[in-house]
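Text of structure09.cif, listed as mmCIF, C-alpha atoms:
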```
data_run
#
loop_
_atom_site.group_PDB
_atom_site.id
_atom_site.type_symbol
_atom_site.label_atom_id
_atom_site.label_comp_id
_atom_site.auth_asym_id
_atom_site.auth_seq_id
_atom_site.Cartn_x
_atom_site.Cartn_y
_atom_site.Cartn_z
ATOM 1 C CA MET A 2 -10.360 2.564 2.833
ATOM 2 C CA THR A 3 -7.928 0.199 4.402
ATOM 3 C CA GLY A 4 -7.622 -2.348 1.650
ATOM 4 C CA PRO A 5 -9.609 -5.010 -0.092
ATOM 5 C CA GLY A 6 -13.212 -4.686 0.855
ATOM 6 C CA HIS A 7 -15.550 -6.513 -1.442
ATOM 7 C CA ALA A 8 -16.537 -10.133 -1.006
ATOM 8 C CA ASP A 9 -17.549 -10.408 -4.603
ATOM 9 C CA PRO A 10 -14.731 -9.392 -6.902
ATOM 10 C CA ALA A 11 -17.030 -9.549 -9.910
ATOM 11 C CA TYR A 12 -17.035 -5.767 -9.971
ATOM 12 C CA LEU A 13 -13.408 -5.975 -11.014
ATOM 13 C CA LEU A 14 -14.080 -8.144 -13.983
ATOM 14 C CA ASP A 15 -13.968 -7.090 -17.512
ATOM 15 C CA ALA A 16 -16.371 -9.740 -18.523
ATOM 16 C CA SER A 17 -15.851 -10.732 -22.101
ATOM 17 C CA GLY A 18 -15.094 -9.781 -25.643
ATOM 18 C CA PRO A 19 -11.825 -8.478 -26.972
ATOM 19 C CA ALA A 20 -11.120 -6.962 -23.590
ATOM 20 C CA ALA A 21 -11.046 -10.301 -21.870
ATOM 21 C CA PRO A 22 -7.540 -10.759 -20.879
ATOM 22 C CA PRO A 23 -4.241 -11.917 -21.999
ATOM 23 C CA ARG A 24 -3.529 -11.135 -18.498
ATOM 24 C CA ASP A 25 -0.001 -11.233 -17.521
ATOM 25 C CA ASN A 26 2.149 -10.883 -20.587
ATOM 26 C CA GLY A 27 2.609 -14.613 -20.510
ATOM 27 C CA GLU A 28 4.036 -14.812 -17.029
ATOM 28 C CA LEU A 29 2.468 -16.955 -14.347
ATOM 29 C CA VAL A 30 1.266 -14.935 -11.408
ATOM 30 C CA PHE A 31 1.684 -17.784 -8.942
ATOM 31 C CA ARG A 32 4.392 -20.394 -9.182
ATOM 32 C CA ALA A 33 2.886 -22.931 -6.813
ATOM 33 C CA PRO A 34 -0.551 -23.729 -5.377
ATOM 34 C CA TRP A 35 0.477 -22.615 -1.906
ATOM 35 C CA GLU A 36 1.335 -19.154 -3.251
ATOM 36 C CA ARG A 37 -2.198 -18.828 -4.582
ATOM 37 C CA GLN A 38 -3.504 -20.008 -1.248
ATOM 38 C CA ALA A 39 -1.434 -17.500 0.733
ATOM 39 C CA PHE A 40 -2.579 -14.717 -1.558
ATOM 40 C CA GLY A 41 -6.253 -15.670 -1.324
ATOM 41 C CA LEU A 42 -6.113 -16.025 2.469
ATOM 42 C CA ALA A 43 -4.743 -12.505 2.885
ATOM 43 C CA LEU A 44 -7.482 -11.013 0.735
ATOM 44 C CA ALA A 45 -10.224 -13.052 2.360
ATOM 45 C CA LEU A 46 -9.110 -12.115 5.882
ATOM 46 C CA THR A 47 -8.933 -8.456 4.937
ATOM 47 C CA ASP A 48 -12.266 -8.620 3.198
ATOM 48 C CA GLY A 49 -13.797 -10.139 6.310
ATOM 49 C CA GLY A 50 -12.378 -7.382 8.503
ATOM 50 C CA LEU A 51 -10.249 -9.874 10.443
ATOM 51 C CA ILE A 52 -6.974 -8.234 9.551
ATOM 52 C CA ASP A 53 -6.173 -4.705 8.507
ATOM 53 C CA TRP A 54 -4.445 -4.425 5.160
ATOM 54 C CA GLU A 55 -2.021 -1.799 6.367
ATOM 55 C CA ASP A 56 -1.042 -3.978 9.340
ATOM 56 C CA PHE A 57 -0.390 -6.776 6.892
ATOM 57 C CA ARG A 58 1.623 -4.537 4.597
ATOM 58 C CA GLN A 59 3.773 -3.335 7.475
ATOM 59 C CA ALA A 60 4.360 -6.935 8.548
ATOM 60 C CA LEU A 61 5.325 -7.786 4.978
ATOM 61 C CA ILE A 62 7.801 -4.904 4.826
ATOM 62 C CA SER A 63 9.299 -6.079 8.090
ATOM 63 C CA GLU A 64 9.525 -9.724 6.946
ATOM 64 C CA ILE A 65 11.162 -8.702 3.682
ATOM 65 C CA GLY A 66 13.612 -6.381 5.421
ATOM 66 C CA ASP A 67 14.605 -9.025 7.958
ATOM 67 C CA TRP A 68 15.079 -11.625 5.250
ATOM 68 C CA GLU A 69 17.181 -9.347 3.094
ATOM 69 C CA ALA A 70 19.361 -8.400 6.036
ATOM 70 C CA ALA A 71 19.961 -12.084 6.759
ATOM 71 C CA HIS A 72 20.485 -13.077 3.111
ATOM 72 C CA PRO A 73 22.679 -10.447 1.464
ATOM 73 C CA SER A 74 23.237 -12.593 -1.615
ATOM 74 C CA GLY A 75 19.512 -12.835 -2.234
ATOM 75 C CA GLU A 76 19.787 -16.567 -2.728
ATOM 76 C CA GLY A 77 16.666 -18.467 -1.756
ATOM 77 C CA TRP A 78 14.358 -15.488 -2.152
ATOM 78 C CA SER A 79 10.667 -16.199 -2.200
ATOM 79 C CA TYR A 80 8.269 -13.277 -2.097
ATOM 80 C CA TYR A 81 5.296 -15.411 -1.134
ATOM 81 C CA GLU A 82 7.192 -17.062 1.710
ATOM 82 C CA ARG A 83 7.625 -13.588 3.170
ATOM 83 C CA TRP A 84 3.966 -12.907 2.411
ATOM 84 C CA LEU A 85 2.903 -16.074 4.205
ATOM 85 C CA ARG A 86 5.049 -15.320 7.247
ATOM 86 C CA ALA A 87 3.638 -11.811 7.422
ATOM 87 C CA LEU A 88 0.145 -13.226 7.236
ATOM 88 C CA GLU A 89 0.888 -15.737 10.005
ATOM 89 C CA ARG A 90 2.284 -12.930 12.114
ATOM 90 C CA VAL A 91 -0.759 -10.689 11.733
ATOM 91 C CA ALA A 92 -3.167 -13.589 12.173
ATOM 92 C CA GLY A 93 -1.360 -14.465 15.399
ATOM 93 C CA ALA A 94 -1.303 -10.875 16.642
ATOM 94 C CA ASN A 95 -5.050 -10.615 16.021
ATOM 95 C CA GLY A 96 -5.731 -13.857 17.882
ATOM 96 C CA LEU A 97 -7.003 -15.687 14.813
ATOM 97 C CA VAL A 98 -4.561 -18.536 15.397
ATOM 98 C CA GLY A 99 -2.866 -19.487 18.643
ATOM 99 C CA PRO A 100 0.871 -19.265 19.283
ATOM 100 C CA GLY A 101 2.645 -22.070 17.473
ATOM 101 C CA ALA A 102 -0.601 -23.398 16.039
ATOM 102 C CA VAL A 103 0.449 -23.060 12.412
ATOM 103 C CA ALA A 104 3.751 -24.851 12.942
ATOM 104 C CA ASP A 105 2.061 -27.586 14.964
ATOM 105 C CA ARG A 106 -0.570 -28.121 12.317
ATOM 106 C CA ALA A 107 2.011 -28.055 9.542
ATOM 107 C CA ALA A 108 4.017 -30.718 11.351
ATOM 108 C CA GLN A 109 0.872 -32.845 11.681
ATOM 109 C CA LEU A 110 0.182 -32.460 7.981
ATOM 110 C CA ALA A 111 3.770 -33.415 7.181
ATOM 111 C CA ALA A 112 3.351 -36.610 9.182
ATOM 112 C CA LEU A 113 0.275 -37.749 7.307
ATOM 113 C CA PRO A 114 0.739 -40.787 5.113
ATOM 114 C CA PRO A 115 1.421 -40.184 1.417
ATOM 115 C CA GLY A 116 -1.686 -39.844 -0.654
ATOM 116 C CA HIS A 117 -3.682 -38.155 2.037
ATOM 117 C CA ASP A 118 -5.572 -35.412 0.347
ATOM 118 C CA HIS A 119 -5.958 -33.080 3.337
ATOM 119 C CA GLU A 120 -9.717 -33.389 3.241
ATOM 120 C CA MET B 15 11.024 -19.516 15.955
ATOM 121 C CA THR B 16 13.061 -22.657 15.863
ATOM 122 C CA ALA B 17 15.236 -23.728 12.993
ATOM 123 C CA SER B 18 13.079 -26.752 12.264
ATOM 124 C CA GLU B 19 10.003 -24.562 12.272
ATOM 125 C CA ASP B 20 11.675 -22.254 9.817
ATOM 126 C CA HIS B 21 12.296 -25.122 7.461
ATOM 127 C CA LEU B 22 8.752 -26.366 7.310
ATOM 128 C CA ASP B 23 7.573 -26.415 3.756
ATOM 129 C CA PRO B 24 5.600 -23.262 3.000
ATOM 130 C CA ALA B 25 2.992 -25.409 1.278
ATOM 131 C CA LEU B 26 2.356 -27.129 4.605
ATOM 132 C CA ARG B 27 2.288 -23.837 6.482
ATOM 133 C CA ALA B 28 -0.212 -22.342 4.050
ATOM 134 C CA GLU B 29 -2.393 -25.424 4.296
ATOM 135 C CA ALA B 30 -2.065 -25.347 8.087
ATOM 136 C CA LEU B 31 -3.056 -21.699 8.331
ATOM 137 C CA SER B 32 -5.949 -22.212 5.943
ATOM 138 C CA SER B 33 -7.315 -25.236 7.774
ATOM 139 C CA LEU B 34 -7.088 -23.511 11.170
ATOM 140 C CA LEU B 35 -8.955 -20.471 9.904
ATOM 141 C CA ILE B 36 -11.616 -22.567 8.196
ATOM 142 C CA GLU B 37 -12.145 -24.678 11.322
ATOM 143 C CA ARG B 38 -12.769 -21.571 13.348
ATOM 144 C CA GLY B 39 -15.224 -20.317 10.769
ATOM 145 C CA LEU B 40 -13.153 -17.211 10.078
ATOM 146 C CA ILE B 41 -12.929 -17.714 6.339
ATOM 147 C CA ASP B 42 -14.569 -19.971 3.812
ATOM 148 C CA GLU B 43 -12.850 -21.585 0.903
ATOM 149 C CA ALA B 44 -15.222 -20.162 -1.665
ATOM 150 C CA THR B 45 -14.241 -16.596 -0.792
ATOM 151 C CA VAL B 46 -10.553 -17.431 -0.871
ATOM 152 C CA ASN B 47 -10.902 -19.177 -4.219
ATOM 153 C CA ASN B 48 -12.932 -16.323 -5.614
ATOM 154 C CA PHE B 49 -10.129 -13.857 -4.941
ATOM 155 C CA ILE B 50 -7.552 -16.213 -6.402
ATOM 156 C CA LYS B 51 -9.570 -16.802 -9.526
ATOM 157 C CA THR B 52 -10.195 -13.127 -10.066
ATOM 158 C CA TYR B 53 -6.516 -12.246 -9.966
ATOM 159 C CA GLU B 54 -5.393 -15.266 -11.934
ATOM 160 C CA GLN B 55 -7.895 -14.868 -14.716
ATOM 161 C CA SER B 56 -9.458 -11.468 -14.867
ATOM 162 C CA VAL B 57 -7.475 -8.576 -13.473
ATOM 163 C CA GLY B 58 -4.427 -7.866 -15.531
ATOM 164 C CA PRO B 59 -2.477 -5.345 -17.536
ATOM 165 C CA LEU B 60 -5.034 -5.181 -20.316
ATOM 166 C CA ASN B 61 -7.033 -2.970 -17.961
ATOM 167 C CA GLY B 62 -4.178 -0.507 -17.778
ATOM 168 C CA ALA B 63 -3.646 -0.750 -21.525
ATOM 169 C CA LYS B 64 -7.213 0.387 -22.072
ATOM 170 C CA VAL B 65 -6.659 3.322 -19.739
ATOM 171 C CA VAL B 66 -3.561 4.325 -21.685
ATOM 172 C CA ALA B 67 -5.296 3.997 -25.050
ATOM 173 C CA ARG B 68 -8.148 6.174 -23.840
ATOM 174 C CA ALA B 69 -5.699 8.800 -22.623
ATOM 175 C CA TRP B 70 -3.924 8.768 -26.010
ATOM 176 C CA THR B 71 -7.164 9.362 -27.883
ATOM 177 C CA ASP B 72 -9.028 11.658 -25.504
ATOM 178 C CA PRO B 73 -7.048 14.651 -24.215
ATOM 179 C CA GLU B 74 -9.717 15.547 -21.692
ATOM 180 C CA TYR B 75 -9.555 12.048 -20.263
ATOM 181 C CA ALA B 76 -5.776 12.291 -20.159
ATOM 182 C CA GLY B 77 -6.107 15.482 -18.139
ATOM 183 C CA ARG B 78 -8.405 13.821 -15.646
ATOM 184 C CA LEU B 79 -6.119 10.783 -15.467
ATOM 185 C CA LEU B 80 -3.103 12.884 -14.568
ATOM 186 C CA ALA B 81 -5.101 14.951 -12.071
ATOM 187 C CA ASP B 82 -6.688 12.011 -10.235
ATOM 188 C CA GLY B 83 -5.601 8.605 -11.419
ATOM 189 C CA THR B 84 -7.885 6.532 -9.240
ATOM 190 C CA ALA B 85 -11.015 8.444 -10.267
ATOM 191 C CA ALA B 86 -10.226 8.462 -13.986
ATOM 192 C CA ILE B 87 -9.368 4.753 -13.914
ATOM 193 C CA ALA B 88 -12.643 4.043 -12.130
ATOM 194 C CA GLU B 89 -14.456 5.750 -15.022
ATOM 195 C CA LEU B 90 -13.476 2.735 -17.104
ATOM 196 C CA GLY B 91 -14.713 0.385 -14.408
ATOM 197 C CA PHE B 92 -11.366 -0.570 -12.897
ATOM 198 C CA LYS B 93 -11.189 -0.334 -9.135
ATOM 199 C CA GLY B 94 -10.583 -2.465 -6.102
ATOM 200 C CA PRO B 95 -7.814 -3.530 -3.768
ATOM 201 C CA GLN B 96 -4.530 -1.669 -4.199
ATOM 202 C CA GLY B 97 -6.255 0.813 -6.472
ATOM 203 C CA GLU B 98 -6.499 3.635 -3.980
ATOM 204 C CA HIS B 99 -4.391 6.683 -4.743
ATOM 205 C CA ILE B 100 -3.031 5.694 -8.116
ATOM 206 C CA VAL B 101 -0.819 8.436 -9.486
ATOM 207 C CA VAL B 102 -0.169 8.394 -13.233
ATOM 208 C CA LEU B 103 3.220 9.582 -14.468
ATOM 209 C CA GLU B 104 3.309 10.906 -18.024
ATOM 210 C CA ASN B 105 6.360 10.128 -20.127
ATOM 211 C CA THR B 106 7.481 12.841 -22.523
ATOM 212 C CA PRO B 107 10.321 13.092 -25.045
ATOM 213 C CA GLY B 108 12.458 14.603 -22.289
ATOM 214 C CA VAL B 109 11.380 12.645 -19.202
ATOM 215 C CA HIS B 110 11.063 8.900 -18.683
ATOM 216 C CA HIS B 111 9.441 7.539 -15.522
ATOM 217 C CA VAL B 112 9.944 4.143 -13.954
ATOM 218 C CA VAL B 113 8.247 2.645 -10.915
ATOM 219 C CA VAL B 114 9.569 0.539 -8.063
ATOM 220 C CA CYS B 115 8.532 -0.335 -4.535
ATOM 221 C CA THR B 116 11.676 -0.563 -2.461
ATOM 222 C CA LEU B 117 10.056 -1.733 0.765
ATOM 223 C CA CYS B 118 7.642 -4.379 -0.378
ATOM 224 C CA SER B 119 5.887 -4.623 -3.723
ATOM 225 C CA CYS B 120 3.144 -2.032 -3.867
ATOM 226 C CA TYR B 121 1.591 -2.176 -7.294
ATOM 227 C CA PRO B 122 -1.649 -0.875 -8.814
ATOM 228 C CA TRP B 123 -3.553 -4.166 -9.018
ATOM 229 C CA PRO B 124 -6.723 -2.938 -10.726
ATOM 230 C CA VAL B 125 -4.834 -1.724 -13.793
ATOM 231 C CA LEU B 126 -1.809 -4.036 -13.911
ATOM 232 C CA GLY B 127 -2.881 -7.176 -12.094
ATOM 233 C CA LEU B 128 -0.404 -8.719 -9.691
ATOM 234 C CA PRO B 129 3.263 -7.820 -10.063
ATOM 235 C CA PRO B 130 5.652 -10.023 -12.027
ATOM 236 C CA SER B 131 8.353 -11.839 -10.115
ATOM 237 C CA TRP B 132 11.130 -9.458 -11.153
ATOM 238 C CA TYR B 133 9.234 -6.492 -9.702
ATOM 239 C CA LYS B 134 9.286 -8.234 -6.312
ATOM 240 C CA ASP B 135 12.911 -9.262 -6.535
ATOM 241 C CA PRO B 136 15.319 -7.680 -4.034
ATOM 242 C CA ALA B 137 17.758 -6.847 -6.814
ATOM 243 C CA TYR B 138 15.232 -4.896 -8.876
ATOM 244 C CA ARG B 139 13.916 -3.077 -5.844
ATOM 245 C CA SER B 140 17.314 -1.896 -4.684
ATOM 246 C CA ARG B 141 19.097 -1.386 -7.991
ATOM 247 C CA MET B 142 16.420 0.569 -9.830
ATOM 248 C CA VAL B 143 16.854 3.403 -7.362
ATOM 249 C CA ARG B 144 20.657 3.371 -7.471
ATOM 250 C CA GLU B 145 21.324 2.820 -11.142
ATOM 251 C CA PRO B 146 18.129 3.119 -13.154
ATOM 252 C CA ARG B 147 19.826 3.545 -16.523
ATOM 253 C CA ALA B 148 21.807 0.354 -16.086
ATOM 254 C CA VAL B 149 18.753 -1.624 -15.022
ATOM 255 C CA LEU B 150 16.662 -0.198 -17.860
ATOM 256 C CA ALA B 151 19.400 -1.186 -20.309
ATOM 257 C CA GLU B 152 19.170 -4.742 -18.978
ATOM 258 C CA PHE B 153 15.477 -4.630 -19.851
ATOM 259 C CA GLY B 154 16.522 -3.565 -23.345
ATOM 260 C CA LEU B 155 15.584 0.076 -22.934
ATOM 261 C CA GLU B 156 18.431 2.406 -23.878
ATOM 262 C CA LEU B 157 17.560 6.013 -23.219
ATOM 263 C CA GLY B 158 19.452 8.941 -24.707
ATOM 264 C CA GLU B 159 21.502 11.265 -22.544
ATOM 265 C CA ASP B 160 18.963 13.985 -23.237
ATOM 266 C CA VAL B 161 16.202 11.981 -21.536
ATOM 267 C CA ALA B 162 15.887 12.450 -17.785
ATOM 268 C CA VAL B 163 15.053 9.283 -15.842
ATOM 269 C CA ARG B 164 12.818 9.674 -12.813
ATOM 270 C CA VAL B 165 12.325 6.753 -10.461
ATOM 271 C CA PHE B 166 9.181 6.764 -8.344
ATOM 272 C CA ASP B 167 9.072 4.649 -5.204
ATOM 273 C CA SER B 168 5.581 3.485 -4.322
ATOM 274 C CA SER B 169 4.869 4.364 -0.729
ATOM 275 C CA SER B 170 2.283 3.328 1.807
ATOM 276 C CA GLU B 171 -0.648 4.840 -0.028
ATOM 277 C CA VAL B 172 0.562 5.927 -3.453
ATOM 278 C CA ARG B 173 0.816 3.453 -6.298
ATOM 279 C CA TYR B 174 2.265 4.653 -9.543
ATOM 280 C CA MET B 175 1.512 3.784 -13.118
ATOM 281 C CA VAL B 176 3.391 5.137 -16.121
ATOM 282 C CA LEU B 177 1.570 6.665 -19.091
ATOM 283 C CA PRO B 178 3.926 5.782 -21.940
ATOM 284 C CA MET B 179 4.302 7.936 -25.025
ATOM 285 C CA ARG B 180 2.097 7.097 -27.975
ATOM 286 C CA PRO B 181 4.273 5.493 -30.659
ATOM 287 C CA ALA B 182 4.807 7.329 -33.914
ATOM 288 C CA GLY B 183 2.783 6.201 -36.887
ATOM 289 C CA THR B 184 -0.320 5.260 -34.898
ATOM 290 C CA GLU B 185 -2.540 8.162 -35.983
ATOM 291 C CA GLY B 186 -5.024 5.958 -37.805
ATOM 292 C CA LEU B 187 -5.398 3.271 -35.137
ATOM 293 C CA SER B 188 -8.526 2.683 -33.107
ATOM 294 C CA GLU B 189 -8.534 2.756 -29.342
ATOM 295 C CA ALA B 190 -8.611 -1.048 -29.224
ATOM 296 C CA GLU B 191 -5.712 -1.298 -31.653
ATOM 297 C CA LEU B 192 -3.756 1.186 -29.563
ATOM 298 C CA ALA B 193 -4.419 -0.782 -26.380
ATOM 299 C CA ALA B 194 -2.759 -3.785 -27.978
ATOM 300 C CA LEU B 195 0.500 -1.817 -28.173
ATOM 301 C CA VAL B 196 0.600 -1.138 -24.439
ATOM 302 C CA THR B 197 2.448 -3.731 -22.389
ATOM 303 C CA ARG B 198 2.678 -4.169 -18.672
ATOM 304 C CA ASP B 199 6.357 -3.331 -18.844
ATOM 305 C CA ALA B 200 5.583 -0.008 -20.553
ATOM 306 C CA MET B 201 3.247 0.890 -17.702
ATOM 307 C CA VAL B 202 5.889 0.067 -15.097
ATOM 308 C CA GLY B 203 8.374 2.083 -17.120
ATOM 309 C CA VAL B 204 10.895 -0.604 -18.042
ATOM 310 C CA ALA B 205 9.877 -0.461 -21.705
ATOM 311 C CA GLU B 206 8.221 1.827 -24.202
ATOM 312 C CA ALA B 207 4.921 1.171 -25.930
ATOM 313 C CA ALA B 208 5.438 -1.087 -28.919
ATOM 314 C CA ALA B 209 5.414 0.251 -32.446
ATOM 315 C CA PRO B 210 2.544 -1.150 -34.510
#
```
Please express what this file holds, its structure, as structure tokens.
Amino acid sequence: MTGPGHADPAYLLDASGPAAPPRDNGELVFRAPWERQAFGLALALTDGGLIDWEDFRQALISEIGDWEAAHPSGEGWSYYERWLRALERVAGANGLVGPGAVADRAAQLAALPPGHDHE
Amino acid sequence: MTASEDHLDPALRAEALSSLLIERGLIDEATVNNFIKTYEQSVGPLNGAKVVARAWTDPEYAGRLLADGTAAIAELGFKGPQGEHIVVLENTPGVHHVVVCTLCSCYPWPVLGLPPSWYKDPAYRSRMVREPRAVLAEFGLELGEDVAVRVFDSSSEVRYMVLPMRPAGTEGLSEAELAALVTRDAMVGVAEAAAP
């Protein structure tokens, strides 16, 4: 078992009744839509066999370690930024996206006129 | 990477990565959204609370839970990503356990959901190992000198969950009532189970 491996997470659900979830002791799991997106992408890529979870985890450890070394005060910390960078790194290493493709696309998106909905 | 690249908004980078992968047919949005929805809405610490309540009321289950956490947790239907090799640490009057992941943020998703922000914070990850009593006190947990504190660092394959002590005065409670006393923080080890 190398990580997530089920397209349908329904098997994880505790469907209904009194067991159905106050889930996080009142704390939001994701603080922004892009964090949810980065999380879901990592699971979907692993589920599809396109990345290996352990490769991703090692990349995440490396991203976190590098960031902490460069930011001893801890100011500006964002776990999901490190997560996203690790995901970009593994996706690039596996040939899923070309070198520089994410940055190029992000710059294109940034240049779109306001109100564009990315559809 | 260039400085300007580094300063691109992560929201744009995530959208960029997503759109590139979708265009190549490598992922579809429905699968991505399904994972998000599951972890936002369905998988959370109530799962772990039910495991704890079962262990409090069924000594044979408790034995199986301590012997093979993943298997005993799966008996209650909880399994999935980050649920491999869960080791359950039993608190006793003399020993208190607390869990950290110093390198990243390994966490037993099927029983606790996704980790809270403080669990992922660099300060928690480094300080809990160095000065656990001080950090626990900041969480409001003051342990007596006669209680040993053991910090467990989740490693590549092992994810820990704490089995807190059953609070006094709960003899007459049902399993469901007991589960309501078990918080996420108690199962990470930064709190004790609540008194009824």
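Proximity to Glu36 (chain A) was assessed for A:Ala71, A:Leu85, A:Ala102, A:Leu51 counting all atoms listed in the file; the smallest distance is recorded for A:Leu85.
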Please determine the contact residues of chain B with respect to chain A at a cut-off of 8 Å, counting all atoms listed in the file, and supply them as a count of residues only. 50
Separation of CA of Gly97 (chain B) from CA of Tyr121 (chain B) in Å: 8.4 Å
The PyMOL selection byres ((chain B and resi 168-185) around 6) - which residues does that actually catch in the file I just gave you? List them as a PyMOL selection string. chain B and resi 99-105+115+121-122+167+186-187+201-203+209
Take the point (-4.5, 5.6, -20.7) as written in the file and pick out every residue within 10 Å of it, counting only C-alpha atoms; give the list as a compact mmCIF listing (two decimals) with C-alpha atoms, in the coordinates of the input.
```
# COMPACT_ATOMS: atom_id res chain seq x y z
CA ASN B 61 -7.03 -2.97 -17.96
CA GLY B 62 -4.18 -0.51 -17.78
CA ALA B 63 -3.65 -0.75 -21.52
CA LYS B 64 -7.21 0.39 -22.07
CA VAL B 65 -6.66 3.32 -19.74
CA VAL B 66 -3.56 4.32 -21.68
CA ALA B 67 -5.30 4.00 -25.05
CA ARG B 68 -8.15 6.17 -23.84
CA ALA B 69 -5.70 8.80 -22.62
CA TRP B 70 -3.92 8.77 -26.01
CA THR B 71 -7.16 9.36 -27.88
CA ASP B 72 -9.03 11.66 -25.50
CA TYR B 75 -9.56 12.05 -20.26
CA ALA B 76 -5.78 12.29 -20.16
CA LEU B 79 -6.12 10.78 -15.47
CA LEU B 80 -3.10 12.88 -14.57
CA GLY B 83 -5.60 8.60 -11.42
CA ALA B 86 -10.23 8.46 -13.99
CA ILE B 87 -9.37 4.75 -13.91
CA VAL B 102 -0.17 8.39 -13.23
CA GLU B 104 3.31 10.91 -18.02
CA MET B 175 1.51 3.78 -13.12
CA VAL B 176 3.39 5.14 -16.12
CA LEU B 177 1.57 6.66 -19.09
CA PRO B 178 3.93 5.78 -21.94
CA ARG B 180 2.10 7.10 -27.98
CA GLU B 189 -8.53 2.76 -29.34
CA LEU B 192 -3.76 1.19 -29.56
CA ALA B 193 -4.42 -0.78 -26.38
CA VAL B 196 0.60 -1.14 -24.44
CA MET B 201 3.25 0.89 -17.70
```
Just checking: using all atoms listed in the file, which residue out of B:Tyr133, B:Tyr53, B:Trp123, B:Phe166 ends up closest to Thr84 (chain B)? B:Trp123
Work out how far CA of Asp82 (chain B) is from CA of Val112 (chain B), in Å to one decimal. 18.8 Å
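You will find CA of Asn95 (chain A) at 7.2 Å from CA of Ile52 (chain A).
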Take every atom of region 46-63 of chain A listed in the file, pad by 6 Å on each side, and give me the axis-aligned box centre and edge lengths in Å, one decimal, as AutoDock Vina command-line options.
```
--center_x -2.2 --center_y -7.0 --center_z 6.8 --size_x 35.1 --size_y 22.3 --size_z 19.2
```
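Counting only C-alpha atoms, the residue from B:Val109, B:Ala44, B:Ala81, B:Leu195 that sits nearest to Ala207 (chain B) is B:Leu195.
If you measure from each of B:Ser140, B:Ser188, B:Ser33, B:Thr106 to Ser119 (chain B) using only C-alpha atoms, the closest one turns out to be B:Ser140.
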I need the residue set behind the PyMOL selection byres ((chain B and resi 142) around 10) for this file; please write it as a VMD selection string. chain B and resid 112 to 116 137 to 141 143 to 150 165 to 167 204
